[in-house]
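Report on the following structure.
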Amino acid sequence: MLMETIENKVVLTADRPTGHLHLGHYVGSLRNRVKLQDSYRCFIMIADVQALSDNFDNPEKVRANITEVAKDYLSVGISPEKCTLFVQSLIPELFELTVYFMNLISVSRLERNPTVKAELQQKSFTDSIPAGFLAYPVSQTADITAFKAQLIPAGEDQLPLIEIANEIVRRFNRTYNTNVLLEAETMVGKVGRLVGIDGKAKASKSLNNAIFMSDSTEVLKQKIYSMYTDPNHVKVSDPGRIEGNVVFAYLDAFYENKAELEELKLKYQKGGLGDTALKSLLNNTLQALLMPIREKRAEISDDTVIDILMAGAAKARKIAIQTLAEVRDAIGLLKRTTDF
Ligand code: TRP
């Protein structure tokens, strides 16, 4: 019954609610989630507790962005009938799991994580690292294992975190001689990482160089026309460079007609194709992608979002309670025989 096992596989992902989601999230992960929701059991979590690990002094921002991120999900086509959408802080079992998992990984291993290292730099936490921030990969392990997720559609930057999660899973199963926890595999989108409109390595909300799915027609156009191209491509007839050219990076990610795109690249390299013409092509492409997403977003009320998230939390919590019972049992803790 191969079909059955495939369909029963659990897919889980999450985002920190610290701002609207952008096109980097779309190509890295959202696009895959929309596809996967038809064939897998799908959980999507809004990681408000993880967001607090570096925004503990700004809880209002985290709280306000829960509904924004949920609207991003629903507007790109994630369906609450197919996916369980929920908020992390409503599932307290995750934090009990986190404590058990903390024993199974060393501080130095947590410090050796390239994603965490890059974030520490960015946040100037380097001198004094909050324990909660260093430990967020452990909490992420709880997010994944509580639902027995085996597939994580996520951006490239999540690979080191999933690696830590799998190490903890193996250590847990070995230490307590059990197989209750499952390892997970990351599924990175075809375009692993989208550059920022300024040409910096990564589109990110903190670098202020991303195109958000909720950007208006005008803002989108303005961002496209400000994109970094080839500074030496001054006249239309000048030969231009493709490498490091942000407009081509975005066309690679979003323009469907690849054969035509190859021709445009050749023409640009030879000379004879202007930046304005290219930007106009990208503008048409992205406006066509984002228009229906914007329209859908405008129809979703805050109340609808909250109802969906509460129903999702109820479903998710049942599963987390079950896994936690199995974990406590595997460790050999006292069985809970009464409701408190
Ligand atoms: N670390 C992820 C991010 O920065 C968010 C996240 C939290 C996550 N828990 C997860 C991702 C579990 C995948 C699986 O966006």
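Chains: A, B, ... in order of the structure tokens. Residues: from 1 per chain. Ligands: from 1, in order shown.
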
Against ligand 1, which residues of chain A fall within 8 Å? For each one I want the closest pair of atoms and the distance in Å (one decimal), counting only C-alpha atoms and all ligand atoms, rows by chain and increasing residue number, as JSON lines.
{"residue": "A:Leu12", "atom": "CA", "partner": "ligand 1", "partner_atom_place_in_ligand_line": "14 (C)", "distance": 6.0}
{"residue": "A:Thr13", "atom": "CA", "partner": "ligand 1", "partner_atom_place_in_ligand_line": "13 (C)", "distance": 4.2}
{"residue": "A:Ala14", "atom": "CA", "partner": "ligand 1", "partner_atom_place_in_ligand_line": "8 (C)", "distance": 4.2}
{"residue": "A:Asp15", "atom": "CA", "partner": "ligand 1", "partner_atom_place_in_ligand_line": "15 (O)", "distance": 4.0}
{"residue": "A:Arg16", "atom": "CA", "partner": "ligand 1", "partner_atom_place_in_ligand_line": "15 (O)", "distance": 5.1}
{"residue": "A:Met45", "atom": "CA", "partner": "ligand 1", "partner_atom_place_in_ligand_line": "9 (N)", "distance": 7.2}
{"residue": "A:Ile46", "atom": "CA", "partner": "ligand 1", "partner_atom_place_in_ligand_line": "7 (C)", "distance": 7.5}
{"residue": "A:Ala47", "atom": "CA", "partner": "ligand 1", "partner_atom_place_in_ligand_line": "7 (C)", "distance": 5.2}
{"residue": "A:Gln50", "atom": "CA", "partner": "ligand 1", "partner_atom_place_in_ligand_line": "7 (C)", "distance": 6.2}
{"residue": "A:Pro137", "atom": "CA", "partner": "ligand 1", "partner_atom_place_in_ligand_line": "1 (N)", "distance": 7.5}
{"residue": "A:Ser139", "atom": "CA", "partner": "ligand 1", "partner_atom_place_in_ligand_line": "9 (N)", "distance": 7.4}
{"residue": "A:Gln140", "atom": "CA", "partner": "ligand 1", "partner_atom_place_in_ligand_line": "9 (N)", "distance": 4.4}
{"residue": "A:Thr141", "atom": "CA", "partner": "ligand 1", "partner_atom_place_in_ligand_line": "12 (C)", "distance": 7.0}
{"residue": "A:Asp143", "atom": "CA", "partner": "ligand 1", "partner_atom_place_in_ligand_line": "12 (C)", "distance": 5.3}
{"residue": "A:Ile144", "atom": "CA", "partner": "ligand 1", "partner_atom_place_in_ligand_line": "12 (C)", "distance": 5.4}
{"residue": "A:Ile152", "atom": "CA", "partner": "ligand 1", "partner_atom_place_in_ligand_line": "13 (C)", "distance": 6.0}
{"residue": "A:Pro153", "atom": "CA", "partner": "ligand 1", "partner_atom_place_in_ligand_line": "13 (C)", "distance": 7.4}
{"residue": "A:Ala154", "atom": "CA", "partner": "ligand 1", "partner_atom_place_in_ligand_line": "13 (C)", "distance": 6.3}
{"residue": "A:Gln158", "atom": "CA", "partner": "ligand 1", "partner_atom_place_in_ligand_line": "1 (N)", "distance": 6.3}
{"residue": "A:Leu161", "atom": "CA", "partner": "ligand 1", "partner_atom_place_in_ligand_line": "1 (N)", "distance": 7.4}
{"residue": "A:Ile162", "atom": "CA", "partner": "ligand 1", "partner_atom_place_in_ligand_line": "14 (C)", "distance": 7.6}

Given the selection you just returned, output its residues as a file containing all heavy atoms, formatted as a short mmCIF file (atom, residue, chain, number, x, y, z; two decimals), in the first residue's frame.
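And here's again24.cif as it stands now:
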data_model
loop_
_atom_site.label_atom_id
_atom_site.label_comp_id
_atom_site.auth_asym_id
_atom_site.auth_seq_id
_atom_site.Cartn_x
_atom_site.Cartn_y
_atom_site.Cartn_z
N LEU A 12 5.43 19.71 7.30
CA LEU A 12 5.27 20.83 8.22
C LEU A 12 6.22 21.97 7.86
O LEU A 12 7.36 21.71 7.49
CB LEU A 12 5.53 20.38 9.66
CG LEU A 12 5.47 21.51 10.70
CD1 LEU A 12 4.63 21.10 11.91
CD2 LEU A 12 6.87 21.91 11.17
N THR A 13 5.71 23.17 7.94
CA THR A 13 6.60 24.34 7.83
C THR A 13 6.09 25.42 8.74
O THR A 13 4.98 25.35 9.27
CB THR A 13 6.61 25.03 6.45
OG1 THR A 13 5.30 25.10 5.98
CG2 THR A 13 7.53 24.37 5.51
N ALA A 14 6.92 26.44 8.87
CA ALA A 14 6.53 27.55 9.74
C ALA A 14 7.23 28.81 9.29
O ALA A 14 8.23 28.76 8.58
CB ALA A 14 6.91 27.22 11.17
N ASP A 15 6.69 29.92 9.70
CA ASP A 15 7.33 31.21 9.48
C ASP A 15 7.24 32.03 10.75
O ASP A 15 6.27 31.90 11.50
CB ASP A 15 6.63 31.98 8.35
CG ASP A 15 6.75 31.23 7.04
OD1 ASP A 15 7.81 31.31 6.42
OD2 ASP A 15 5.78 30.55 6.66
N ARG A 16 8.24 32.87 10.96
CA ARG A 16 8.19 33.78 12.10
C ARG A 16 7.31 34.98 11.74
O ARG A 16 7.53 35.58 10.68
CB ARG A 16 9.58 34.31 12.41
CG ARG A 16 10.55 33.24 12.84
CD ARG A 16 11.88 33.89 13.12
NE ARG A 16 12.91 32.88 13.26
CZ ARG A 16 14.21 33.15 13.41
NH1 ARG A 16 14.61 34.41 13.46
NH2 ARG A 16 15.07 32.18 13.54
N MET A 45 2.65 26.32 10.57
CA MET A 45 2.65 26.95 11.88
C MET A 45 3.18 28.38 11.82
O MET A 45 4.15 28.67 11.12
CB MET A 45 3.54 26.12 12.80
CG MET A 45 3.55 26.57 14.22
SD MET A 45 4.70 25.57 15.18
CE MET A 45 6.20 26.45 14.82
N ILE A 46 2.55 29.25 12.55
CA ILE A 46 3.07 30.61 12.68
C ILE A 46 3.87 30.64 13.98
O ILE A 46 3.33 30.47 15.08
CB ILE A 46 1.91 31.63 12.67
CG1 ILE A 46 1.14 31.49 11.34
CG2 ILE A 46 2.45 33.06 12.85
CD1 ILE A 46 0.02 32.47 11.14
N ALA A 47 5.19 30.79 13.81
CA ALA A 47 6.12 30.56 14.92
C ALA A 47 6.30 31.83 15.75
O ALA A 47 7.34 32.48 15.71
CB ALA A 47 7.45 30.06 14.37
N GLN A 50 9.12 31.43 18.45
CA GLN A 50 10.45 31.59 17.84
C GLN A 50 10.70 33.06 17.47
O GLN A 50 11.82 33.56 17.64
CB GLN A 50 10.61 30.70 16.62
CG GLN A 50 12.03 30.69 16.10
CD GLN A 50 12.28 29.72 14.96
OE1 GLN A 50 12.58 30.13 13.86
NE2 GLN A 50 12.16 28.43 15.21
N PRO A 137 16.76 26.49 17.76
CA PRO A 137 16.72 25.27 16.94
C PRO A 137 16.21 24.04 17.71
O PRO A 137 15.69 23.10 17.11
CB PRO A 137 18.18 25.08 16.52
CG PRO A 137 18.78 26.45 16.58
CD PRO A 137 18.12 27.09 17.78
N SER A 139 13.81 24.21 20.01
CA SER A 139 12.36 24.40 19.98
C SER A 139 11.80 24.04 18.60
O SER A 139 10.72 23.46 18.46
CB SER A 139 12.08 25.84 20.40
OG SER A 139 10.88 26.30 19.95
N GLN A 140 12.58 24.36 17.56
CA GLN A 140 12.16 24.00 16.20
C GLN A 140 12.10 22.48 16.02
O GLN A 140 11.27 21.95 15.30
CB GLN A 140 13.10 24.66 15.19
CG GLN A 140 12.71 24.42 13.74
CD GLN A 140 13.22 25.50 12.79
OE1 GLN A 140 13.36 26.66 13.17
NE2 GLN A 140 13.48 25.15 11.55
N THR A 141 12.99 21.78 16.73
CA THR A 141 12.97 20.31 16.70
C THR A 141 11.66 19.81 17.30
O THR A 141 11.05 18.85 16.79
CB THR A 141 14.17 19.75 17.51
OG1 THR A 141 15.37 20.34 17.00
CG2 THR A 141 14.23 18.24 17.42
N ASP A 143 8.84 21.48 17.24
CA ASP A 143 7.79 21.78 16.25
C ASP A 143 7.66 20.65 15.23
O ASP A 143 6.56 20.26 14.85
CB ASP A 143 8.12 23.06 15.45
CG ASP A 143 8.38 24.28 16.31
OD1 ASP A 143 7.90 24.29 17.46
OD2 ASP A 143 9.07 25.21 15.84
N ILE A 144 8.83 20.18 14.79
CA ILE A 144 8.84 19.18 13.71
C ILE A 144 8.40 17.82 14.24
O ILE A 144 7.54 17.15 13.67
CB ILE A 144 10.25 19.09 13.09
CG1 ILE A 144 10.60 20.44 12.42
CG2 ILE A 144 10.35 17.94 12.10
CD1 ILE A 144 12.07 20.57 12.03
N ILE A 152 9.93 18.95 5.07
CA ILE A 152 9.88 20.37 5.46
C ILE A 152 10.16 21.23 4.22
O ILE A 152 11.32 21.37 3.82
CB ILE A 152 10.96 20.70 6.53
CG1 ILE A 152 11.07 19.62 7.62
CG2 ILE A 152 10.77 22.09 7.11
CD1 ILE A 152 9.91 19.56 8.57
N PRO A 153 9.14 21.77 3.58
CA PRO A 153 9.41 22.68 2.47
C PRO A 153 9.89 24.01 3.02
O PRO A 153 9.13 24.70 3.70
CB PRO A 153 8.06 22.83 1.75
CG PRO A 153 7.05 22.19 2.62
CD PRO A 153 7.70 21.61 3.83
N ALA A 154 11.15 24.35 2.78
CA ALA A 154 11.69 25.55 3.41
C ALA A 154 12.84 26.10 2.57
O ALA A 154 13.36 25.41 1.69
CB ALA A 154 12.19 25.21 4.81
N GLN A 158 17.25 26.98 6.11
CA GLN A 158 16.72 26.08 7.15
C GLN A 158 17.47 24.75 7.21
O GLN A 158 17.30 23.98 8.15
CB GLN A 158 15.22 25.82 6.92
CG GLN A 158 14.36 27.06 7.04
CD GLN A 158 14.50 27.73 8.38
OE1 GLN A 158 14.20 27.15 9.42
NE2 GLN A 158 14.98 28.97 8.39
N LEU A 161 19.28 23.91 10.37
CA LEU A 161 18.36 23.72 11.51
C LEU A 161 17.73 22.33 11.48
O LEU A 161 17.57 21.68 12.51
CB LEU A 161 17.27 24.79 11.48
CG LEU A 161 17.79 26.22 11.65
CD1 LEU A 161 16.79 27.24 11.17
CD2 LEU A 161 18.13 26.46 13.11
N ILE A 162 17.41 21.88 10.28
CA ILE A 162 16.82 20.54 10.16
C ILE A 162 17.88 19.48 10.49
O ILE A 162 17.57 18.43 11.04
CB ILE A 162 16.22 20.30 8.74
CG1 ILE A 162 15.35 21.48 8.29
CG2 ILE A 162 15.45 18.99 8.66
CD1 ILE A 162 14.17 21.84 9.15
#

Closest atom pairs, stretch 5-52 of chain A residues within 7 Å of stretch 69-72 of chain A, only C-alpha atoms, as a Markdown table:
| residue | atom | partner | partner_atom | distance |
| --- | --- | --- | --- | --- |
| A:Pro17 | CA | A:Val69 | CA | 6.2 |
| A:His20 | CA | A:Val69 | CA | 5.8 |
| A:Leu21 | CA | A:Val69 | CA | 6.4 |

Prev. selection, all heavy atoms, output as a tab-separated table (two decimals), in the first residue's frame:
chain	number	residue	atom	x	y	z
A	17	PRO	N	6.38	35.33	12.57
A	17	PRO	CA	5.53	36.48	12.24
A	17	PRO	C	6.20	37.79	12.63
A	17	PRO	O	5.85	38.42	13.63
A	17	PRO	CB	4.27	36.22	13.07
A	17	PRO	CG	4.75	35.45	14.25
A	17	PRO	CD	5.94	34.65	13.80
A	20	HIS	N	5.42	40.91	6.78
A	20	HIS	CA	4.73	40.23	5.69
A	20	HIS	C	5.69	39.26	5.01
A	20	HIS	O	6.91	39.46	5.04
A	20	HIS	CB	4.25	41.25	4.66
A	20	HIS	CG	3.11	42.09	5.16
A	20	HIS	ND1	2.01	42.38	4.39
A	20	HIS	CD2	2.89	42.70	6.34
A	20	HIS	CE1	1.19	43.12	5.08
A	20	HIS	NE2	1.70	43.34	6.27
A	21	LEU	N	5.15	38.24	4.38
A	21	LEU	CA	6.01	37.32	3.62
A	21	LEU	C	6.33	37.93	2.25
A	21	LEU	O	5.57	38.72	1.72
A	21	LEU	CB	5.33	35.97	3.47
A	21	LEU	CG	5.00	35.25	4.79
A	21	LEU	CD1	4.40	33.88	4.52
A	21	LEU	CD2	6.23	35.11	5.69

From a DSSP pass on the backbone, collect the residues of stretch 70-229 of chain A flagged as alpha helix (DSSP H) and hand them back as a VMD selection string.
chain A and resid 70 to 76 93 to 102 107 to 111 114 to 122 131 to 134 136 to 146 159 to 175 217 to 225

Filtered DSSP result for stretch 126-325 of chain A, state strand (DSSP E or B), as a ChimeraX atom specification
/A:151-153,185-187,212

Which neighbours of A:Leu181 fall inside 7 Å, counting only C-alpha atoms, when residues of the same chain fewer than 2 positions from it are skipped, and could you give them as a list in words?
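Selected residues are Thr145, Lys148, Val169, Asn173, Asn179 and Glu183 of chain A.
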
Skipping near chain neighbours, those fewer than 4 positions away, what residues fall within 10 Å of A:Met213 using only C-alpha atoms, listed as a ChimeraX atom specification?
/A:20-26,72,75-76,220,286,289-291,293-294,297

Write the selection just made, keeping N, CA, C and O atoms, as a PDB file, in the first residue's frame?
ATOM      1  N   HIS A  20       5.417  40.914   6.784  1.00  0.00           N
ATOM      2  CA  HIS A  20       4.728  40.229   5.692  1.00  0.00           C
ATOM      3  C   HIS A  20       5.694  39.262   5.005  1.00  0.00           C
ATOM      4  O   HIS A  20       6.905  39.461   5.044  1.00  0.00           O
ATOM      5  N   LEU A  21       5.148  38.240   4.376  1.00  0.00           N
ATOM      6  CA  LEU A  21       6.013  37.324   3.624  1.00  0.00           C
ATOM      7  C   LEU A  21       6.328  37.934   2.254  1.00  0.00           C
ATOM      8  O   LEU A  21       5.568  38.720   1.716  1.00  0.00           O
ATOM      9  N   HIS A  22       7.518  37.570   1.727  1.00  0.00           N
ATOM     10  CA  HIS A  22       7.953  38.176   0.469  1.00  0.00           C
ATOM     11  C   HIS A  22       8.223  37.121  -0.600  1.00  0.00           C
ATOM     12  O   HIS A  22       8.037  35.918  -0.359  1.00  0.00           O
ATOM     13  N   LEU A  23       8.673  37.591  -1.755  1.00  0.00           N
ATOM     14  CA  LEU A  23       8.867  36.674  -2.883  1.00  0.00           C
ATOM     15  C   LEU A  23       9.946  35.628  -2.606  1.00  0.00           C
ATOM     16  O   LEU A  23       9.927  34.554  -3.198  1.00  0.00           O
ATOM     17  N   GLY A  24      10.881  35.934  -1.705  1.00  0.00           N
ATOM     18  CA  GLY A  24      11.880  34.938  -1.304  1.00  0.00           C
ATOM     19  C   GLY A  24      11.188  33.750  -0.646  1.00  0.00           C
ATOM     20  O   GLY A  24      11.504  32.589  -0.927  1.00  0.00           O
ATOM     21  N   HIS A  25      10.219  34.032   0.231  1.00  0.00           N
ATOM     22  CA  HIS A  25       9.448  32.945   0.848  1.00  0.00           C
ATOM     23  C   HIS A  25       8.647  32.196  -0.217  1.00  0.00           C
ATOM     24  O   HIS A  25       8.503  30.978  -0.160  1.00  0.00           O
ATOM     25  N   TYR A  26       8.141  32.956  -1.181  1.00  0.00           N
ATOM     26  CA  TYR A  26       7.292  32.346  -2.212  1.00  0.00           C
ATOM     27  C   TYR A  26       8.069  31.308  -3.021  1.00  0.00           C
ATOM     28  O   TYR A  26       7.632  30.173  -3.153  1.00  0.00           O
ATOM     29  N   ASP A  72      -1.181  36.100   4.217  1.00  0.00           N
ATOM     30  CA  ASP A  72      -0.261  35.750   3.124  1.00  0.00           C
ATOM     31  C   ASP A  72      -0.480  34.296   2.704  1.00  0.00           C
ATOM     32  O   ASP A  72      -0.558  33.985   1.519  1.00  0.00           O
ATOM     33  N   SER A  75      -3.863  33.895   0.905  1.00  0.00           N
ATOM     34  CA  SER A  75      -3.967  34.570  -0.384  1.00  0.00           C
ATOM     35  C   SER A  75      -3.122  33.905  -1.477  1.00  0.00           C
ATOM     36  O   SER A  75      -3.439  34.031  -2.644  1.00  0.00           O
ATOM     37  N   VAL A  76      -2.066  33.176  -1.105  1.00  0.00           N
ATOM     38  CA  VAL A  76      -1.310  32.479  -2.164  1.00  0.00           C
ATOM     39  C   VAL A  76      -1.943  31.134  -2.526  1.00  0.00           C
ATOM     40  O   VAL A  76      -1.491  30.477  -3.457  1.00  0.00           O
ATOM     41  N   LEU A 220       5.301  47.810  -6.121  1.00  0.00           N
ATOM     42  CA  LEU A 220       5.961  46.723  -6.864  1.00  0.00           C
ATOM     43  C   LEU A 220       6.728  47.301  -8.048  1.00  0.00           C
ATOM     44  O   LEU A 220       7.904  46.996  -8.259  1.00  0.00           O
ATOM     45  N   LEU A 286       5.425  40.021 -12.801  1.00  0.00           N
ATOM     46  CA  LEU A 286       5.137  39.987 -11.354  1.00  0.00           C
ATOM     47  C   LEU A 286       3.771  40.589 -11.030  1.00  0.00           C
ATOM     48  O   LEU A 286       3.093  40.127 -10.107  1.00  0.00           O
ATOM     49  N   LEU A 289       1.384  37.848 -11.519  1.00  0.00           N
ATOM     50  CA  LEU A 289       1.441  36.857 -10.435  1.00  0.00           C
ATOM     51  C   LEU A 289       0.760  37.400  -9.175  1.00  0.00           C
ATOM     52  O   LEU A 289       0.001  36.695  -8.495  1.00  0.00           O
ATOM     53  N   LEU A 290       1.050  38.656  -8.853  1.00  0.00           N
ATOM     54  CA  LEU A 290       0.614  39.174  -7.545  1.00  0.00           C
ATOM     55  C   LEU A 290      -0.802  39.752  -7.534  1.00  0.00           C
ATOM     56  O   LEU A 290      -1.418  39.831  -6.473  1.00  0.00           O
ATOM     57  N   MET A 291      -1.314  40.107  -8.701  1.00  0.00           N
ATOM     58  CA  MET A 291      -2.664  40.703  -8.752  1.00  0.00           C
ATOM     59  C   MET A 291      -3.722  39.818  -8.086  1.00  0.00           C
ATOM     60  O   MET A 291      -4.418  40.262  -7.171  1.00  0.00           O
ATOM     61  N   ILE A 293      -3.323  37.475  -5.999  1.00  0.00           N
ATOM     62  CA  ILE A 293      -2.956  37.275  -4.592  1.00  0.00           C
ATOM     63  C   ILE A 293      -3.419  38.480  -3.768  1.00  0.00           C
ATOM     64  O   ILE A 293      -4.030  38.330  -2.702  1.00  0.00           O
ATOM     65  N   ARG A 294      -3.183  39.672  -4.307  1.00  0.00           N
ATOM     66  CA  ARG A 294      -3.633  40.909  -3.644  1.00  0.00           C
ATOM     67  C   ARG A 294      -5.149  40.948  -3.508  1.00  0.00           C
ATOM     68  O   ARG A 294      -5.675  41.303  -2.469  1.00  0.00           O
ATOM     69  N   ARG A 297      -6.347  38.571  -0.879  1.00  0.00           N
ATOM     70  CA  ARG A 297      -6.000  39.077   0.440  1.00  0.00           C
ATOM     71  C   ARG A 297      -7.025  40.106   0.934  1.00  0.00           C
ATOM     72  O   ARG A 297      -7.431  40.098   2.096  1.00  0.00           O
TER      73      ARG A 297
END

Between atom CA of A:Val138 and atom CA of A:Phe101 lies a distance of 6.5 Å

Record the distance separating atom CA of A:Gly155 and atom CA of A:Thr98, expressed in Å with one decimal.
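So the two atoms, atom CA of A:Gly155 and atom CA of A:Thr98, lie 22.9 Å apart.
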
Would you give me, as a Markdown table, each residue of stretch 40-157 of chain A having an atom within 12 Å of an atom of stretch 299-317 of chain A, along with its shortest atom pair and that distance in Å to one decimal, using only C-alpha atoms and sorting by chain and residue number?
| residue | atom | partner | partner_atom | distance |
| --- | --- | --- | --- | --- |
| A:Arg41 | CA | A:Ala316 | CA | 11.6 |
| A:Cys42 | CA | A:Ala316 | CA | 10.7 |
| A:Phe43 | CA | A:Ala316 | CA | 8.0 |
| A:Ile44 | CA | A:Gly312 | CA | 9.2 |
| A:Met45 | CA | A:Ala313 | CA | 9.3 |
| A:Ile46 | CA | A:Leu309 | CA | 9.3 |
| A:Ala64 | CA | A:Asp302 | CA | 10.8 |
| A:Asn65 | CA | A:Asp302 | CA | 11.4 |
| A:Ile66 | CA | A:Val305 | CA | 9.4 |
| A:Thr67 | CA | A:Val305 | CA | 6.5 |
| A:Glu68 | CA | A:Asp302 | CA | 8.9 |
| A:Val69 | CA | A:Val305 | CA | 10.0 |
| A:Ala70 | CA | A:Val305 | CA | 6.7 |
| A:Lys71 | CA | A:Ile300 | CA | 7.0 |
| A:Asp72 | CA | A:Ile300 | CA | 10.1 |
| A:Tyr73 | CA | A:Val305 | CA | 10.3 |
| A:Leu74 | CA | A:Ile300 | CA | 8.3 |
| A:Ser75 | CA | A:Ile300 | CA | 8.2 |
| A:Ile78 | CA | A:Ile308 | CA | 11.9 |
| A:Ser79 | CA | A:Ile308 | CA | 10.1 |
| A:Pro80 | CA | A:Ile308 | CA | 6.9 |
| A:Glu81 | CA | A:Ile308 | CA | 9.5 |
| A:Lys82 | CA | A:Gly312 | CA | 10.9 |
| A:Cys83 | CA | A:Gly312 | CA | 8.5 |
| A:Thr84 | CA | A:Gly312 | CA | 5.0 |
| A:Leu85 | CA | A:Gly312 | CA | 5.0 |
| A:Phe86 | CA | A:Leu309 | CA | 4.8 |
| A:Val87 | CA | A:Ala313 | CA | 6.6 |
| A:Gln88 | CA | A:Ala313 | CA | 8.3 |
| A:Ser89 | CA | A:Ala313 | CA | 9.5 |
| A:Leu90 | CA | A:Ala313 | CA | 6.5 |
| A:Ile91 | CA | A:Arg317 | CA | 5.6 |
| A:Pro92 | CA | A:Arg317 | CA | 8.3 |
| A:Glu93 | CA | A:Arg317 | CA | 7.7 |
| A:Leu94 | CA | A:Arg317 | CA | 9.2 |
| A:Asp143 | CA | A:Ala316 | CA | 10.6 |
| A:Ile144 | CA | A:Ala316 | CA | 11.9 |
| A:Ala146 | CA | A:Ala316 | CA | 9.1 |
| A:Phe147 | CA | A:Ala316 | CA | 7.8 |
| A:Lys148 | CA | A:Ala316 | CA | 11.5 |

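Of the listed residues (A:Tyr136, A:Tyr40, A:Phe254, A:Phe212), A:Tyr136 comes nearest to A:Met102; the distances count only C-alpha atoms.
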
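If you measure from each of A:Gly332, A:Gly274, A:Pro59, A:Pro292 to A:Gly77 using only C-alpha atoms, the closest one turns out to be A:Pro292.
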
In Å, rounded to a single decimal, give me how far atom CA of A:Leu266 is from atom CA of A:Ile242.
9.2 Å

So that I can see what lies close to A:Ala184, please list as number ranges by chain the residues with an atom at most 7 Å from it, counting only C-alpha atoms and leaving out residues fewer than 2 positions away in the same chain.
A: 149-152, 166, 182, 186

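Between A:Gly199 and the candidates A:Leu261, A:Leu159, A:Ile224, A:Ala118, the tightest atom-to-atom separation, counting only C-alpha atoms, involves A:Ile224.
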
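Of the listed residues A:Leu120, A:Val62, A:Glu167, A:Glu185, the one whose atoms come nearest to A:Val10 is A:Glu185, with distances taken using only C-alpha atoms.
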
Quick one: of A:Lys223, A:Lys235, A:Arg33, A:Lys258, who's nearest to A:Gly272, counting only C-alpha atoms?
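Among A:Lys223, A:Lys235, A:Arg33, A:Lys258, it is A:Lys235 that comes nearest to A:Gly272.
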
May I have the residues within 10 Å of stretch 56-58 of chain A as an mmCIF file with N, CA, C and O atoms, in the first residue's frame, using only C-alpha atoms and disregarding those fewer than 4 positions away in the same chain?
data_model
loop_
_atom_site.group_PDB
_atom_site.id
_atom_site.type_symbol
_atom_site.label_atom_id
_atom_site.label_comp_id
_atom_site.auth_asym_id
_atom_site.auth_seq_id
_atom_site.Cartn_x
_atom_site.Cartn_y
_atom_site.Cartn_z
ATOM 1 N N THR A 18 7.170 38.202 11.829
ATOM 2 C CA THR A 18 7.852 39.466 12.122
ATOM 3 C C THR A 18 7.630 40.465 11.001
ATOM 4 O O THR A 18 8.181 41.560 11.024
ATOM 5 N N VAL A 49 6.494 32.085 19.027
ATOM 6 C CA VAL A 49 7.449 31.927 20.131
ATOM 7 C C VAL A 49 8.879 32.051 19.596
ATOM 8 O O VAL A 49 9.719 32.724 20.197
ATOM 9 N N GLN A 50 9.118 31.434 18.447
ATOM 10 C CA GLN A 50 10.453 31.593 17.843
ATOM 11 C C GLN A 50 10.704 33.064 17.469
ATOM 12 O O GLN A 50 11.818 33.565 17.636
ATOM 13 N N ALA A 51 9.685 33.747 17.009
ATOM 14 C CA ALA A 51 9.849 35.171 16.658
ATOM 15 C C ALA A 51 10.218 35.995 17.892
ATOM 16 O O ALA A 51 11.007 36.936 17.814
ATOM 17 N N LEU A 52 9.675 35.588 19.043
ATOM 18 C CA LEU A 52 10.010 36.315 20.278
ATOM 19 C C LEU A 52 11.472 36.135 20.665
ATOM 20 O O LEU A 52 12.039 36.979 21.360
ATOM 21 N N VAL A 62 5.138 41.077 16.905
ATOM 22 C CA VAL A 62 4.903 39.651 16.674
ATOM 23 C C VAL A 62 3.406 39.359 16.641
ATOM 24 O O VAL A 62 2.898 38.703 15.721
ATOM 25 N N ARG A 63 2.699 39.904 17.594
ATOM 26 C CA ARG A 63 1.249 39.682 17.692
ATOM 27 C C ARG A 63 0.529 40.204 16.438
ATOM 28 O O ARG A 63 -0.304 39.526 15.853
ATOM 29 N N GLY A 132 17.621 31.850 25.018
ATOM 30 C CA GLY A 132 16.457 31.458 24.220
ATOM 31 C C GLY A 132 16.738 31.509 22.735
ATOM 32 O O GLY A 132 16.253 30.669 21.974
ATOM 33 N N PHE A 133 17.545 32.474 22.324
ATOM 34 C CA PHE A 133 17.862 32.569 20.896
ATOM 35 C C PHE A 133 18.745 31.399 20.469
ATOM 36 O O PHE A 133 18.489 30.743 19.453
#
